[in-house]
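Participant: Here it is, the structure in full.
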Amino acid sequence: MRTRTRTRTRTRTGIAARLAAAAQAVDTPGIVIAVSHRGHRTVHCGGSAPPPAVPRDQQRYEIGSASKTFTGLLLAELVGTGRLLYDDVAAHHLAPGRTPDTAPRNPATLRHLITHTAGLPALPADFYPQAVRRWSTDPYGGYPAERVVAAYLRTRPRHRPGTRWHYSNFGASVLGHTLAAATATPWEELITHHVLAPLGLTDTRLHPEGTPGAGADGPCADGPCAGGADTGGPAPGRPGADATGHRPNGVTPVPGLVMGGFQPAGAVRATPSDLLTYLEAHLDPSGTPLETALHAVRRPVLRRGLGYRHTHTLTWFQHPSPQGPLYFHAGATTGQQAFLGFRPATHTAVVAVATRRIRLRDTFIATAYALLSEESG
């Protein structure tokens, strides 16, 4: 597939050349790779499709599972301000006042849920029958939050919480609903006022354009989720500001993903600029409104795998490197892919987004990871 590229260079040409080469290596209708290095940003836009009406670097992209870093940061903020404890049992907040005979079956804590050690499957057992007929377009939209909570309260852990790691969209979603129950505040309102607004993420959304919650009925009504001013990009909420994803063939478009009750695990969609702003706060938390929480999510909390070589923080995968640890998280939806990563020692952050569903032997994640790991100080 032939690739057309466009580069917006605001810093060193060496970085721009590396971004252009990285984009050329990925077969996708649209791609944006953005790097922040010591406060200077370089953005490269490319892809095989003709340039869209709204420039690629001004569109919002689905980041899928990388949304869990937002939910984990929210947890760290609520713990840091004394509203919750990491060792709170989730079920005690979701089903308060139960008698011993009707007590929920899972003793997992908030820490277990965010670190994928709660003993839960990837998704509830009854999720698949309702999702299979629309797996490639809308698997989550028909499974609301109440159903996620009900499924959790009747689920027995597969193993004792805290003893094994198993990646779970179910667990991350339950965490979000637990935070909402514990604070008597909807998850969208919590994430908006405790994460998006303090970090100035003015073009980050929790719903695709044109769906309930994206307009007058949602927390983003009449302006940016974070309530900030227009920063010169497309007007918040303007139709067409969301990037269009595609199936693995890179040709067939898919609708924007509605996450239903799994919002805390994968609902965030944002511009590359907002995502860089988010990562830059992680690079240097000092003086930010979320300073304590941002430091908290960089601390290792779990090691797993052969020789315990895989390290996790509260929200990020962490790998060692000669120039300090790398922190990263990837995500994929029905039609898009994303990679977020940062390395404090080199003051570097990388955002990569693409408008094609991941497929076998895809180079996207490896390419983005290489940019983060190879960038010198």
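In the structure tokens, chains take letters A, B, ... by order of appearance, with residues numbered from 1 within each chain and ligands from 1 in the order shown.
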Mind running region 164-220 of chain A against region 135-145 of chain A at 9 Å and telling me each contacting residue's nearest atom pair with the distance in Å (one decimal), counting only C-alpha atoms, chain and number ascending, as JSON lines?

Facilitator:
{"residue": "A:Ser173", "atom": "CA", "partner": "A:Ala145", "partner_atom": "CA", "distance": 8.4}
{"residue": "A:Val174", "atom": "CA", "partner": "A:Ala145", "partner_atom": "CA", "distance": 8.6}
{"residue": "A:His177", "atom": "CA", "partner": "A:Ala145", "partner_atom": "CA", "distance": 7.4}

Participant: Quick one: which region 31-120 of chain A residues come within 10 Å of region 299-304 of chain A, and what is the nearest atom pair for each with the distance in Å to one decimal, counting only C-alpha atoms, rows ordered by chain and ascending number, as a Markdown table?

Facilitator:
| residue | atom | partner | partner_atom | distance |
| --- | --- | --- | --- | --- |
| A:Arg111 | CA | A:Val301 | CA | 9.4 |
| A:Thr115 | CA | A:Leu302 | CA | 7.7 |
| A:Thr117 | CA | A:Leu302 | CA | 9.5 |

Participant: Near region 308-313 of chain A, within 12 Å and counting only C-alpha atoms, which residues show up once chain neighbours fewer than 3 positions away are dropped, as JSON, numbers by chain?

Facilitator: {"A": [69, 72, 73, 76, 111, 114, 115, 116, 117, 165, 167, 294, 295, 296, 297, 298, 299, 300, 301, 302, 303, 304, 305, 316, 317, 318, 319, 320, 325, 326, 327, 328, 329]}

Participant: Which residue out of A:Thr334, A:Thr71, A:Thr155, A:Ser48 has the minimum interatomic distance to Gln263 (chain A) when only C-alpha atoms are used?

Facilitator: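 Using only C-alpha atoms, the shortest distance to Gln263 (chain A) belongs to A:Thr71.
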
Participant: From the options A:Gly30, A:Pro121, A:Pro50, A:Gly176, which residue's atoms come nearest to Ala265 (chain A), counting only C-alpha atoms?

Facilitator: A:Gly176

Participant: With only C-alpha atoms as the counted atoms, please give the residues lying no more than 7 Å from region 267-270 of chain A, apart from itself and same-chain residues fewer than 2 positions off, as a ChimeraX atom specification.

Facilitator: /A:60-64,67,203-207,259,263-265,272,274-275

Participant: What's the separation between CA of Glu188 (chain A) and CA of Gly256 (chain A), in Å to one decimal place?

Facilitator: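 Result for CA of Glu188 (chain A) versus CA of Gly256 (chain A): 17.9 Å, one decimal.
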
Participant: In Å to one decimal, how far is CA of Ala345 (chain A) from CA of Ala172 (chain A)?

Facilitator: 29.0 Å

Participant: Can you pull out every residue within 12 Å of Gly46 (chain A), counting only C-alpha atoms, but drop anything in the same chain fewer than 2 positions away, and send it as a ChimeraX atom specification?

Facilitator: /A:2-8,19-34,43-44,48-52,55-57,352-355

Participant: How about saving the chosen residues, C-alpha atoms kept, as a PDB file, in the first residue's frame?

Facilitator:
ATOM      1  CA  ARG A   2       1.514   3.308  -1.084  1.00  0.00           C
ATOM      2  CA  THR A   3       1.987   5.842   1.705  1.00  0.00           C
ATOM      3  CA  ARG A   4       1.488   9.574   1.396  1.00  0.00           C
ATOM      4  CA  THR A   5       3.086  11.613   4.140  1.00  0.00           C
ATOM      5  CA  ARG A   6       3.099  15.123   5.492  1.00  0.00           C
ATOM      6  CA  THR A   7       5.400  16.356   8.223  1.00  0.00           C
ATOM      7  CA  ARG A   8       4.863  19.251  10.593  1.00  0.00           C
ATOM      8  CA  LEU A  19       9.105   9.931  12.472  1.00  0.00           C
ATOM      9  CA  ALA A  20       8.713   9.953   8.704  1.00  0.00           C
ATOM     10  CA  ALA A  21      10.559   6.648   8.391  1.00  0.00           C
ATOM     11  CA  ALA A  22       8.473   5.140  11.185  1.00  0.00           C
ATOM     12  CA  ALA A  23       5.225   6.196   9.525  1.00  0.00           C
ATOM     13  CA  GLN A  24       6.364   4.760   6.191  1.00  0.00           C
ATOM     14  CA  ALA A  25       6.849   1.387   7.894  1.00  0.00           C
ATOM     15  CA  VAL A  26       3.200   1.136   8.967  1.00  0.00           C
ATOM     16  CA  ASP A  27       0.494   0.151   6.485  1.00  0.00           C
ATOM     17  CA  THR A  28      -2.569   2.197   7.483  1.00  0.00           C
ATOM     18  CA  PRO A  29      -5.022   4.695   5.962  1.00  0.00           C
ATOM     19  CA  GLY A  30      -3.979   7.348   8.467  1.00  0.00           C
ATOM     20  CA  ILE A  31      -1.233   7.712  11.047  1.00  0.00           C
ATOM     21  CA  VAL A  32       0.019  10.429  13.370  1.00  0.00           C
ATOM     22  CA  ILE A  33       3.254  10.096  15.319  1.00  0.00           C
ATOM     23  CA  ALA A  34       4.031  12.850  17.801  1.00  0.00           C
ATOM     24  CA  VAL A  43       4.438  15.796  14.708  1.00  0.00           C
ATOM     25  CA  HIS A  44       4.299  13.679  11.558  1.00  0.00           C
ATOM     26  CA  SER A  48      -2.366   5.822   2.389  1.00  0.00           C
ATOM     27  CA  ALA A  49      -5.716   7.643   2.366  1.00  0.00           C
ATOM     28  CA  PRO A  50      -6.103  11.150   0.939  1.00  0.00           C
ATOM     29  CA  PRO A  51      -5.723  13.926   3.529  1.00  0.00           C
ATOM     30  CA  PRO A  52      -9.040  14.452   5.359  1.00  0.00           C
ATOM     31  CA  PRO A  55      -6.069  17.659   9.438  1.00  0.00           C
ATOM     32  CA  ARG A  56      -5.038  14.330  10.905  1.00  0.00           C
ATOM     33  CA  ASP A  57      -3.177  15.879  13.815  1.00  0.00           C
ATOM     34  CA  ALA A 352       1.271   7.125  17.861  1.00  0.00           C
ATOM     35  CA  VAL A 353      -2.248   6.622  16.509  1.00  0.00           C
ATOM     36  CA  ALA A 354      -3.424   4.783  13.395  1.00  0.00           C
ATOM     37  CA  THR A 355      -6.795   4.327  11.719  1.00  0.00           C
TER      38      THR A 355
END
